[in-house]
$ cat model.cif   # mmCIF, C-alpha atoms
data_coords
#
loop_
_atom_site.label_atom_id
_atom_site.label_comp_id
_atom_site.auth_asym_id
_atom_site.auth_seq_id
_atom_site.Cartn_x
_atom_site.Cartn_y
_atom_site.Cartn_z
CA GLN W 13 -7.71 -6.89 33.66
CA PRO W 14 -8.06 -8.80 30.35
CA LEU W 15 -5.03 -8.97 28.12
CA SER W 16 -5.06 -7.05 24.85
CA LEU W 17 -3.79 -9.38 22.16
CA TYR W 18 -2.50 -8.03 18.87
CA ASN W 19 -1.40 -10.20 15.97
CA VAL W 20 1.85 -8.47 15.07
CA SER W 21 2.82 -10.94 12.35
CA GLU W 22 -0.52 -10.52 10.55
CA ALA W 23 -0.31 -6.74 10.74
CA GLN W 24 3.24 -6.81 9.40
CA GLN W 25 2.20 -9.08 6.54
CA GLN W 26 -0.73 -6.87 5.59
CA GLY W 27 1.45 -3.76 5.86
CA GLN W 28 4.05 -5.23 3.52
CA GLU W 29 1.29 -6.26 1.12
CA LEU W 30 -0.06 -2.70 1.10
CA ASP W 31 3.39 -1.36 0.23
CA GLN W 32 3.65 -3.91 -2.59
CA LEU W 33 0.16 -3.18 -3.94
CA LEU W 34 0.84 0.55 -3.79
CA ARG W 35 3.75 -0.04 -6.15
CA LEU W 36 1.69 -2.36 -8.41
CA ASP W 37 3.33 -5.54 -7.11
CA PHE W 38 0.49 -8.09 -7.01
CA SER W 39 2.56 -11.13 -6.05
CA SER W 40 0.82 -11.36 -2.67
CA ILE W 41 -2.59 -11.85 -4.32
CA SER W 42 -1.60 -15.29 -5.62
CA ALA W 43 -1.80 -16.82 -2.13
CA TYR W 44 -5.30 -15.41 -1.60
CA LEU W 45 -6.34 -16.70 -5.04
CA ARG W 46 -5.14 -20.23 -4.31
CA GLN W 47 -6.97 -20.17 -0.99
CA HIS W 48 -10.18 -18.76 -2.47
CA LEU W 49 -10.25 -20.89 -5.64
CA PRO W 50 -8.28 -24.08 -4.99
CA ASN W 51 -7.86 -26.74 -7.68
CA THR W 52 -8.74 -24.31 -10.48
CA ASP W 53 -6.86 -22.58 -13.25
CA ALA W 54 -8.25 -19.16 -12.32
CA PRO W 55 -5.98 -16.44 -13.72
CA LEU W 56 -4.56 -13.68 -11.53
CA ARG W 57 -6.13 -10.39 -12.51
CA LYS W 58 -4.62 -7.16 -11.23
CA ILE W 59 -6.80 -4.16 -10.39
CA PRO W 60 -4.75 -1.22 -9.00
CA PHE W 61 -7.26 0.03 -6.42
CA VAL W 62 -4.68 0.88 -3.73
CA ARG W 63 -2.62 2.94 -6.18
CA ARG W 64 -5.70 4.70 -7.51
CA TYR W 65 -6.96 5.40 -3.98
CA VAL W 66 -3.69 7.06 -2.98
CA GLU W 67 -3.47 9.03 -6.22
CA GLU W 68 -7.02 10.27 -5.70
CA LEU W 69 -6.35 11.62 -2.20
CA GLY W 70 -2.61 12.30 -2.23
CA GLY W 71 -0.36 14.31 -4.49
CA LEU W 72 0.68 17.19 -2.21
CA TYR W 73 4.33 16.60 -3.20
CA GLN W 74 3.77 16.18 -6.92
CA ARG W 75 4.67 19.83 -7.38
CA PRO W 76 7.88 21.33 -5.93
CA VAL W 77 7.42 22.30 -2.29
CA VAL W 78 8.78 25.66 -1.11
CA ARG W 79 10.30 25.36 2.37
CA ARG W 80 11.37 28.30 4.53
CA PHE W 81 13.70 27.42 7.38
CA LEU W 82 12.99 30.10 9.97
CA SER W 83 12.93 30.70 13.71
CA PRO W 84 9.49 31.31 15.27
CA ALA W 85 10.93 34.01 17.56
CA ASP W 86 13.11 35.80 15.02
CA PRO W 87 12.79 35.09 11.26
CA GLN W 88 16.30 36.48 10.80
CA ALA W 89 17.87 34.11 13.35
CA LEU W 90 18.85 31.59 10.72
CA PRO W 91 21.98 32.83 8.93
CA GLN W 92 21.87 33.15 5.18
CA ALA W 93 24.60 30.55 4.73
CA ALA W 94 22.74 28.07 6.91
CA TRP W 95 19.48 28.72 5.07
CA ARG W 96 21.14 28.10 1.71
CA LYS W 97 22.80 24.97 3.08
CA MET W 98 19.45 23.52 4.18
CA VAL W 99 17.84 24.28 0.82
CA THR W 100 20.74 22.66 -1.04
CA VAL W 101 20.80 19.65 1.25
CA TYR W 102 17.05 19.06 0.88
CA ASP W 103 17.30 19.37 -2.88
CA GLU W 104 20.19 16.91 -3.14
CA ALA W 105 18.45 14.52 -0.72
CA ARG W 106 15.33 14.56 -2.92
CA ALA W 107 13.23 15.45 0.09
CA ASP W 108 10.06 15.87 -1.99
CA ALA W 109 10.31 12.31 -3.30
CA ALA W 110 10.89 10.93 0.21
CA MET W 111 8.00 12.93 1.64
CA SER W 112 5.78 11.75 -1.20
CA VAL W 113 6.45 8.19 -0.01
CA VAL W 114 5.59 9.29 3.54
CA GLU W 115 2.36 10.91 2.37
CA SER W 116 1.32 7.83 0.39
CA GLY W 117 2.14 5.60 3.34
CA LEU W 118 0.01 7.68 5.69
CA TRP W 119 -3.05 6.98 3.54
CA VAL W 120 -2.62 3.20 3.69
CA HIS W 121 -0.62 2.58 6.89
CA GLN W 122 -1.90 5.64 8.81
CA THR W 123 1.53 5.75 10.50
CA MET W 124 4.89 6.48 8.86
CA ALA W 125 8.42 7.17 9.99
CA ALA W 126 11.63 8.48 8.47
CA MET W 127 15.33 8.26 9.22
CA VAL W 128 17.92 10.89 8.37
CA LEU W 129 21.21 9.30 7.36
CA PRO W 130 24.52 11.10 6.76
CA ASP W 131 25.52 11.05 3.09
CA GLY W 132 28.86 12.72 2.44
CA ALA W 133 28.44 16.42 3.06
CA GLY W 134 24.66 16.07 3.03
CA ILE W 135 21.95 13.69 4.14
CA SER W 136 19.60 11.07 2.76
CA ILE W 137 16.04 10.55 3.95
CA LEU W 138 14.82 6.98 4.39
CA PRO W 139 11.02 6.53 4.71
CA VAL W 140 10.09 3.64 6.99
CA SER W 141 6.76 1.78 7.07
CA PRO W 142 5.32 0.42 10.35
CA TRP W 143 5.78 -3.21 9.30
CA GLN W 144 9.54 -2.62 9.22
CA MET W 145 9.75 -1.45 12.86
CA GLU W 146 9.85 -3.25 16.19
CA PRO W 147 10.17 -0.64 18.96
CA LYS W 148 10.96 -1.26 22.62
CA ILE W 149 8.79 1.18 24.54
CA LEU W 150 9.54 2.62 27.97
CA ASP W 151 6.64 5.04 28.46
CA THR W 152 3.50 2.95 27.92
CA LEU W 153 1.28 6.01 28.39
CA ARG W 154 2.85 7.64 25.33
CA PRO W 155 3.94 4.74 23.12
CA TRP W 156 3.36 6.81 19.96
CA ASP W 157 6.05 9.32 21.03
CA VAL W 158 9.60 8.40 19.96
CA ALA W 159 10.91 10.26 23.03
CA GLY W 160 9.44 7.45 25.14
CA TRP W 161 11.18 4.65 23.21
CA GLU W 162 14.23 2.83 24.48
CA SER W 163 15.17 1.42 21.08
CA VAL W 164 13.79 0.28 17.73
CA LYS W 165 14.84 -2.35 15.20
CA ILE W 166 14.15 -1.51 11.56
CA THR W 167 14.12 -4.13 8.81
CA VAL W 168 16.00 -2.93 5.71
CA PRO W 169 17.50 -4.67 2.66
CA ASP W 170 20.93 -6.10 3.41
CA THR W 171 22.06 -7.76 0.17
CA ILE W 172 20.54 -8.24 -3.29
CA ASP W 173 21.65 -11.23 -5.35
CA ALA W 174 22.63 -9.98 -8.80
CA ASP W 175 21.67 -13.26 -10.51
CA THR W 176 18.39 -14.19 -8.83
CA GLY W 177 17.29 -10.83 -7.46
CA VAL W 178 16.68 -12.39 -4.03
CA ILE W 179 16.72 -9.78 -1.25
CA THR W 180 18.30 -10.65 2.09
CA TRP W 181 16.95 -8.50 4.89
CA GLY W 182 19.15 -6.88 7.50
CA THR W 183 18.57 -4.67 10.52
CA ILE W 184 19.13 -1.12 11.69
CA GLU W 185 19.07 -0.73 15.47
CA LEU W 186 18.54 2.69 17.01
CA THR W 187 18.74 3.47 20.72
CA ARG W 188 18.88 6.66 22.77
CA THR W 189 22.68 6.72 22.53
CA GLU W 190 23.68 4.43 19.64
CA ALA W 191 22.79 3.73 16.01
CA TRP W 192 24.02 0.59 14.23
CA ARG W 193 23.50 -1.06 10.89
CA TYR W 194 24.12 -4.79 10.55
CA VAL W 195 25.49 -5.53 7.08
CA ARG W 196 26.63 -9.03 6.04
CA GLY W 197 27.13 -9.99 9.65
CA SER W 198 29.23 -6.92 10.50
CA LYS W 199 28.24 -3.98 12.72
CA ILE W 200 28.62 -0.50 11.24
CA GLY W 201 28.03 2.77 13.08
CA ILE W 202 25.61 5.09 11.29
CA TYR W 203 26.50 8.49 12.77
CA ALA W 204 29.95 7.65 14.17
CA PRO W 205 32.40 4.74 13.81
CA ASN W 206 31.76 3.70 17.42
CA GLY W 207 27.99 3.77 16.81
CA SER W 208 27.27 6.63 19.22
CA HIS W 209 25.12 9.69 18.58
CA PRO W 210 24.44 12.87 20.62
CA PHE W 211 20.71 13.26 19.91
CA GLY W 212 19.51 12.09 23.32
CA LYS W 213 16.64 10.00 21.94
CA VAL W 214 15.95 7.49 19.21
CA PRO W 215 16.79 9.43 15.99
CA LEU W 216 13.55 8.79 14.14
CA VAL W 217 10.66 10.97 12.96
CA LEU W 218 7.20 9.47 13.48
CA GLY W 219 3.84 10.70 12.18
CA HIS W 220 0.26 9.47 12.54
CA ARG W 221 -2.74 10.26 10.36
CA VAL W 222 -4.99 8.56 12.92
CA ALA W 223 -4.30 8.46 16.65
CA PRO W 224 -3.17 4.98 17.76
CA GLU W 225 -5.15 2.96 20.25
CA LEU W 226 -4.15 3.08 23.91
CA GLY W 227 -1.00 1.09 24.42
CA ARG W 228 -0.18 0.97 20.68
CA TRP W 229 2.65 2.87 19.05
CA CYS W 230 1.12 2.88 15.56
CA ALA W 231 -2.37 3.37 14.18
CA PRO W 232 -4.28 0.42 12.71
CA LEU W 233 -3.76 -0.28 9.04
CA ASN W 234 -6.29 0.95 6.51
CA GLU W 235 -7.81 -2.52 6.31
CA PRO W 236 -10.87 -1.51 4.22
CA VAL W 237 -8.54 -0.52 1.37
CA HIS W 238 -6.57 -3.74 1.79
CA ASN W 239 -9.74 -5.85 1.88
CA LEU W 240 -11.30 -4.21 -1.17
CA GLN W 241 -8.08 -4.58 -3.18
CA ILE W 242 -8.02 -8.33 -2.51
CA ALA W 243 -11.76 -8.70 -3.11
CA LEU W 244 -11.60 -6.90 -6.47
CA CYS W 245 -8.74 -9.07 -7.72
CA LEU W 246 -10.48 -12.26 -6.58
CA LEU W 247 -13.83 -11.21 -8.06
CA GLU W 248 -12.24 -10.36 -11.39
CA SER W 249 -10.42 -13.70 -11.49
CA GLU W 250 -13.58 -15.55 -10.49
CA THR W 251 -15.66 -13.75 -13.10
CA GLU W 252 -13.19 -14.59 -15.86
CA LEU W 253 -13.14 -18.21 -14.70
CA VAL W 254 -16.94 -18.40 -14.91
CA ILE W 255 -17.00 -16.83 -18.36
CA ARG W 256 -14.18 -19.04 -19.61
CA HIS W 257 -16.00 -22.25 -18.69
CA SER W 258 -19.49 -21.13 -19.69
CA ALA W 259 -19.10 -18.81 -22.65
CA TRP W 260 -18.87 -21.36 -25.47
CA PRO W 261 -21.88 -23.50 -26.57
CA GLN W 262 -21.81 -27.20 -25.78
CA LYS W 263 -23.14 -29.77 -28.28
CA VAL W 264 -25.21 -32.50 -26.59
CA LEU W 265 -27.04 -35.59 -27.88
CA GLU W 266 -30.31 -36.34 -26.12
CA ASN W 267 -31.86 -39.83 -25.95
CA ALA W 268 -28.71 -41.37 -27.42
CA THR W 269 -28.31 -45.09 -27.81
CA ILE W 270 -25.58 -47.02 -26.05
CA ALA W 271 -23.53 -47.11 -29.25
CA GLN W 272 -23.94 -43.37 -29.76
CA MET W 273 -22.87 -42.74 -26.20
CA THR W 274 -19.65 -44.67 -26.61
CA GLU W 275 -18.66 -43.65 -30.12
CA GLN W 276 -17.15 -40.28 -31.03
CA ILE W 277 -19.50 -38.33 -33.26
CA GLN W 278 -17.94 -35.82 -35.62
CA VAL W 279 -19.94 -32.71 -36.39
CA GLY W 280 -19.40 -29.85 -38.79
CA PRO W 281 -20.89 -28.10 -41.84
CA ASP W 282 -19.58 -30.85 -44.17
CA LYS W 283 -20.62 -33.78 -41.99
CA VAL W 284 -23.82 -35.83 -42.09
CA VAL W 285 -24.85 -37.15 -38.67
CA ALA W 286 -27.07 -40.23 -38.56
CA LEU W 287 -29.08 -40.38 -35.34
CA LEU W 288 -30.46 -43.95 -34.90
CA ARG W 289 -33.42 -44.91 -32.77
CA SER W 290 -33.16 -47.55 -30.13
CA GLY W 291 -34.99 -50.88 -30.51
CA ASP W 292 -38.05 -49.56 -28.65
CA PRO W 293 -40.46 -47.95 -31.15
CA ASN W 294 -42.10 -45.92 -28.36
CA ALA W 295 -38.82 -44.41 -27.20
CA PRO W 296 -38.08 -40.87 -28.34
CA GLY W 297 -35.51 -40.50 -31.05
CA PRO W 298 -32.13 -38.94 -30.34
CA ALA W 299 -31.81 -35.23 -30.87
CA LEU W 300 -28.70 -33.14 -31.39
CA ARG W 301 -28.83 -29.67 -29.95
CA VAL W 302 -26.55 -26.94 -28.67
CA VAL W 303 -26.69 -25.80 -25.03
CA GLN W 304 -25.64 -22.23 -24.29
CA GLY W 305 -24.80 -21.29 -20.69
CA GLN W 306 -26.53 -18.32 -19.12
CA LEU W 307 -23.77 -16.00 -17.99
CA PRO W 308 -24.67 -13.53 -15.19
CA VAL W 309 -22.25 -10.93 -16.52
CA THR W 310 -24.53 -8.00 -15.74
CA GLU W 311 -25.16 -9.23 -12.21
CA LEU W 312 -21.45 -9.79 -11.58
CA THR W 313 -20.56 -6.34 -12.90
CA THR W 314 -23.28 -4.74 -10.81
CA TRP W 315 -22.01 -6.56 -7.72
CA ILE W 316 -18.43 -5.37 -8.24
CA GLU W 317 -19.52 -1.79 -8.87
CA GLY W 318 -21.71 -1.93 -5.77
CA ARG W 319 -18.75 -3.00 -3.64
CA ILE W 320 -16.65 -0.12 -4.97
CA LYS W 321 -19.42 2.41 -4.35
CA LEU W 322 -19.99 1.14 -0.81
CA TYR W 323 -16.31 1.25 0.15
CA CYS W 324 -15.78 4.65 -1.46
CA ALA W 325 -18.78 6.04 0.42
CA MET W 326 -17.33 4.75 3.69
CA LEU W 327 -13.87 6.12 2.83
CA GLY W 328 -15.31 9.54 2.00
CA ILE W 329 -14.33 9.71 -1.68
CA ASP W 330 -16.29 10.00 -4.90
CA PRO W 331 -16.82 6.56 -6.52
CA SER W 332 -17.09 8.11 -9.99
CA ALA W 333 -13.31 8.49 -9.97
CA PHE W 334 -13.06 4.67 -10.00
CA LEU W 335 -16.00 3.82 -12.26
CA ARG W 336 -16.93 4.79 -15.79
CA VAL W 337 -20.49 6.09 -15.84
CA ASN W 338 -22.72 6.36 -18.92
CA THR W 339 -24.42 9.52 -17.76
CA ALA W 340 -22.79 12.93 -17.96
CA VAL W 341 -21.35 14.32 -14.72
CA THR W 342 -22.62 17.77 -13.93
CA VAL W 343 -20.39 20.70 -13.05
CA SER W 344 -21.82 20.84 -9.54
CA ALA W 345 -21.02 17.15 -9.02
CA ARG W 346 -17.45 17.68 -10.17
CA LEU W 347 -17.06 20.69 -7.85
CA PHE W 348 -18.46 18.68 -4.96
CA ALA W 349 -16.04 15.80 -5.62
CA HIS W 350 -13.13 18.26 -5.86
CA ALA W 351 -14.18 19.87 -2.56
CA THR W 352 -14.34 16.44 -0.93
CA ARG W 353 -10.81 15.58 -2.07
CA ALA W 354 -9.54 18.97 -0.88
CA GLU W 355 -11.17 18.40 2.51
CA MET W 356 -9.49 15.00 2.86
CA ARG W 357 -6.11 16.50 1.91
CA ASP W 358 -6.56 19.31 4.42
CA ARG W 359 -6.92 16.71 7.15
CA ILE W 360 -3.50 15.25 6.43
CA ARG W 361 -1.74 18.58 5.85
CA PRO W 362 -1.14 19.34 9.59
CA VAL W 363 0.33 15.85 10.03
CA LEU W 364 2.77 16.44 7.19
CA GLU W 365 3.67 19.93 8.44
CA ARG W 366 4.54 18.57 11.88
CA PHE W 367 6.46 15.72 10.25
CA GLU W 368 8.42 18.26 8.18
CA ARG W 369 9.29 20.31 11.30
CA GLU W 370 10.61 17.25 13.14
CA LEU W 371 12.46 16.14 10.01
CA ALA W 372 14.11 19.56 9.64
CA LYS W 373 15.34 19.47 13.25
CA LEU W 374 16.74 15.97 12.90
CA SER W 375 18.35 16.92 9.56
CA ALA W 376 20.02 19.91 11.22
CA GLN W 377 21.33 17.70 14.02
CA VAL W 378 22.80 15.25 11.51
CA LEU W 379 24.37 18.09 9.49
CA ASN W 380 25.90 19.57 12.65
CA LEU W 381 27.79 16.31 13.16
CA THR W 382 29.75 16.99 9.97
CA GLY W 383 30.83 20.43 11.18
CA ILE W 384 30.35 21.95 7.73
CA VAL W 385 27.75 24.42 8.94
CA SER W 386 26.21 25.17 12.33
CA LEU W 387 22.43 25.13 12.44
CA PRO W 388 20.17 26.27 15.32
CA VAL W 389 18.34 23.04 16.03
CA ASP W 390 16.14 24.22 18.90
CA THR W 391 14.61 27.15 17.01
CA LEU W 392 14.55 25.67 13.51
CA THR W 393 11.15 25.27 11.93
#
$ encode --input "model.cif" --output "C-alpha cells"
Amino acid sequence: QPLSLYNVSEAQQQGQELDQLLRLDFSSISAYLRQHLPNTDAPLRKIPFVRRYVEELGGLYQRPVVRRFLSPADPQALPQAAWRKMVTVYDEARADAAMSVVESGLWVHQTMAAMVLPDGAGISILPVSPWQMEPKILDTLRPWDVAGWESVKITVPDTIDADTGVITWGTIELTRTEAWRYVRGSKIGIYAPNGSHPFGKVPLVLGHRVAPELGRWCAPLNEPVHNLQIALCLLESETELVIRHSAWPQKVLENATIAQMTEQIQVGPDKVVALLRSGDPNAPGPALRVVQGQLPVTELTTWIEGRIKLYCAMLGIDPSAFLRVNTAVTVSARLFAHATRAEMRDRIRPVLERFERELAKLSAQVLNLTGIVSLPVDTLT
C-alpha cells in the first residue's frame, strides 16, 4: 500500500499563523511578502480577513451562556450544593471566554482541544490549538478519539523575558496515568505532586467541526481562509507599490543633444529652459513633455473584489459583509444573508454542545480531586 505523507511542520506553521492572524498579528505575512516581492520596498499592508470571517460566523459566546448541570436520567440527581459549585466554578474560570476561543478556533483550525487545570479551589480552562499538540496514538482506527491515545505533548509558553518579550516554549505531557508540566527544566505534576491522575485516559477534551481523514487525529486546516488572507495582504502591498512608482508624472526630454543628456536641467514656473537643436538641420528639435503612467486601479480593485466574492461563495457566506457596495441592499437580501449565517452557526452548535458536555465531566473530575464537593461525573451533562 502507498504511504500517506503529511507535512506536519507545514501544518503546524500554518496553524500558528492562523492563530496569529485571528488576533491581528500580521508578523507572519512579512516572510510571504519578501518571497513574493523580493528586492523591493513594498510596504506590509494588513487586511483582517481571518478576524472578519470568524466574527461573521461565530459569536455564540458573545452573550452570557446559561448552563444547566443535570442528569439525563433524573434532573434532580445533582445536589443543589453541587449545582451551585459548578456554576460558581465556571464563572470564576471564565468559561465563556475560553469557549469563545474554542469556537473561533473551530472555524479556522476545524479541530480544537481544551485542558482543565486545577486552580486553587476551582479550575482554569486552557484552549489548545492543533499546532500545539503531538499525540501518540494507539488505536489507529479511531485516532480522533482521545480515549485511543497513549499520550500527547502540548506546546505552551514556559518563560517570557520581561525586557525583550521573547517567549520560551515549554511542554505539557499528558498520558493515561500521568500529567506533567516542564517549567525551566523542572518537572511539575499538574493534578498531583507525583504527576499521577485517576482519570483513566488522557485528560483532554477534543472537538472537530469537520471529520478528520482516515488515520488523522485532526481535521485539515481551513486553508482557503489562510490562502485568501495572505493573497489579500500581498495584493494590497503590490497595488500600493505600483501606485507609488507610477502615480507621479515624469518629465522627459525627447530628441535631446548629448550636452542636454549629460547636464542637469532645472525646471519650474520661474525657470526658462533653452532647448537647442543638434548640428543636423533635418533632425527634430528637442521637446520637453510630461509622461503620466496609466494606473490600472479599477482593474486591480475589481480583481481583489472578485477574489473575495469567489472565496466567500465557496465558504458559504455573503460577500457583502466584506465589501462596500454602491447599490442599496434589499430587505430580502439581508434576511437571506442572516439565514445563511444562522445555518452555518447551527452546524457548529452540536459540536460545541458535545464539547461542553465532555468539558463538564472533566471539570467535575478535576474538582473531585480537591475534595471540596462531590460531583456525579458519570451522569453529569
$ closest_residue --input "model.cif" --among "W:Leu30, W:Leu240, W:Ser258, W:Tyr203" --to "W:Lys321" --atoms "only C-alpha atoms"
W:Leu240
$ closest_residue --input "model.cif" --among "W:Arg46, W:Arg57, W:Arg106, W:His121" --to "W:Leu138" --atoms "all atoms listed in the file"
W:Arg106
$ residues_near_point --input "model.cif" --point "(18.4, 17.1, 12.6)" --cutoff "10 Å" --atoms "only C-alpha atoms" --output "list in words"
Met127, Val128, Leu129, Ile135, Phe211, Pro215, Leu216, Val217, Arg369, Glu370, Leu371, Ala372, Lys373, Leu374, Ser375, Ala376, Gln377, Val378, Leu379, Asn380, Leu381, Leu387, Pro388, Val389, Asp390 and Leu392 of chain W
$ write_last_selection --input "model.cif" --atoms "C-alpha atoms" --output "PDB file, keeping the file's coordinate frame"
ATOM      1  CA  MET W 127      15.330   8.260   9.220  1.00  0.00           C
ATOM      2  CA  VAL W 128      17.920  10.890   8.370  1.00  0.00           C
ATOM      3  CA  LEU W 129      21.210   9.300   7.360  1.00  0.00           C
ATOM      4  CA  ILE W 135      21.950  13.690   4.140  1.00  0.00           C
ATOM      5  CA  PHE W 211      20.710  13.260  19.910  1.00  0.00           C
ATOM      6  CA  PRO W 215      16.790   9.430  15.990  1.00  0.00           C
ATOM      7  CA  LEU W 216      13.550   8.790  14.140  1.00  0.00           C
ATOM      8  CA  VAL W 217      10.660  10.970  12.960  1.00  0.00           C
ATOM      9  CA  ARG W 369       9.290  20.310  11.300  1.00  0.00           C
ATOM     10  CA  GLU W 370      10.610  17.250  13.140  1.00  0.00           C
ATOM     11  CA  LEU W 371      12.460  16.140  10.010  1.00  0.00           C
ATOM     12  CA  ALA W 372      14.110  19.560   9.640  1.00  0.00           C
ATOM     13  CA  LYS W 373      15.340  19.470  13.250  1.00  0.00           C
ATOM     14  CA  LEU W 374      16.740  15.970  12.900  1.00  0.00           C
ATOM     15  CA  SER W 375      18.350  16.920   9.560  1.00  0.00           C
ATOM     16  CA  ALA W 376      20.020  19.910  11.220  1.00  0.00           C
ATOM     17  CA  GLN W 377      21.330  17.700  14.020  1.00  0.00           C
ATOM     18  CA  VAL W 378      22.800  15.250  11.510  1.00  0.00           C
ATOM     19  CA  LEU W 379      24.370  18.090   9.490  1.00  0.00           C
ATOM     20  CA  ASN W 380      25.900  19.570  12.650  1.00  0.00           C
ATOM     21  CA  LEU W 381      27.790  16.310  13.160  1.00  0.00           C
ATOM     22  CA  LEU W 387      22.430  25.130  12.440  1.00  0.00           C
ATOM     23  CA  PRO W 388      20.170  26.270  15.320  1.00  0.00           C
ATOM     24  CA  VAL W 389      18.340  23.040  16.030  1.00  0.00           C
ATOM     25  CA  ASP W 390      16.140  24.220  18.900  1.00  0.00           C
ATOM     26  CA  LEU W 392      14.550  25.670  13.510  1.00  0.00           C
TER      27      LEU W 392
END
$ resolve_selection --input "model.cif" --expression "the PyMOL selection byres ((chain W and resi 158) around 8)" --output "ChimeraX atom specification"
/W:155-157,159-161,213-214,216-218
$ closest_residue --input "model.cif" --among "W:Arg188, W:His48, W:Arg357, W:Arg366" --to "W:Val66" --atoms "all atoms listed in the file"
W:Arg357
$ closest_residue --input "model.cif" --among "W:Pro293, W:Pro308, W:Pro130, W:Pro76" --to "W:Ala191" --atoms "only C-alpha atoms"
W:Pro130
$ atom_distance --input "model.cif" --atom1 "atom CA of W:Cys245" --atom2 "atom CA of W:Leu307"
19.5 Å
$ resolve_selection --input "model.cif" --expression "the PyMOL selection byres ((chain W and resi 170-172) around 9)" --output "PDB file with C-alpha atoms, keeping the file's coordinate frame"
ATOM      1  CA  THR W 167      14.120  -4.130   8.810  1.00  0.00           C
ATOM      2  CA  VAL W 168      16.000  -2.930   5.710  1.00  0.00           C
ATOM      3  CA  PRO W 169      17.500  -4.670   2.660  1.00  0.00           C
ATOM      4  CA  ASP W 173      21.650 -11.230  -5.350  1.00  0.00           C
ATOM      5  CA  ALA W 174      22.630  -9.980  -8.800  1.00  0.00           C
ATOM      6  CA  ASP W 175      21.670 -13.260 -10.510  1.00  0.00           C
ATOM      7  CA  THR W 176      18.390 -14.190  -8.830  1.00  0.00           C
ATOM      8  CA  GLY W 177      17.290 -10.830  -7.460  1.00  0.00           C
ATOM      9  CA  VAL W 178      16.680 -12.390  -4.030  1.00  0.00           C
ATOM     10  CA  ILE W 179      16.720  -9.780  -1.250  1.00  0.00           C
ATOM     11  CA  THR W 180      18.300 -10.650   2.090  1.00  0.00           C
ATOM     12  CA  TRP W 181      16.950  -8.500   4.890  1.00  0.00           C
ATOM     13  CA  GLY W 182      19.150  -6.880   7.500  1.00  0.00           C
ATOM     14  CA  THR W 183      18.570  -4.670  10.520  1.00  0.00           C
ATOM     15  CA  TYR W 194      24.120  -4.790  10.550  1.00  0.00           C
ATOM     16  CA  VAL W 195      25.490  -5.530   7.080  1.00  0.00           C
ATOM     17  CA  ARG W 196      26.630  -9.030   6.040  1.00  0.00           C
TER      18      ARG W 196
END
$ decode --input "model.cif" --residues "stretch 372-384 of chain W" --atoms "C-alpha atoms" --output "mmCIF file, in the first residue's frame"
data_model
loop_
_atom_site.group_PDB
_atom_site.id
_atom_site.type_symbol
_atom_site.label_atom_id
_atom_site.label_comp_id
_atom_site.auth_asym_id
_atom_site.auth_seq_id
_atom_site.Cartn_x
_atom_site.Cartn_y
_atom_site.Cartn_z
ATOM 1 C CA ALA W 372 -18.219 19.489 32.259
ATOM 2 C CA LYS W 373 -17.332 15.861 33.017
ATOM 3 C CA LEU W 374 -13.605 16.567 33.034
ATOM 4 C CA SER W 375 -14.175 19.676 35.185
ATOM 5 C CA ALA W 376 -16.134 17.586 37.689
ATOM 6 C CA GLN W 377 -13.341 15.017 37.811
ATOM 7 C CA VAL W 378 -10.759 17.723 38.490
ATOM 8 C CA LEU W 379 -12.954 19.300 41.184
ATOM 9 C CA ASN W 380 -13.438 15.914 42.858
ATOM 10 C CA LEU W 381 -9.674 15.708 43.330
ATOM 11 C CA THR W 382 -9.843 18.694 45.691
ATOM 12 C CA GLY W 383 -12.479 17.015 47.865
ATOM 13 C CA ILE W 384 -14.381 20.278 48.310
#
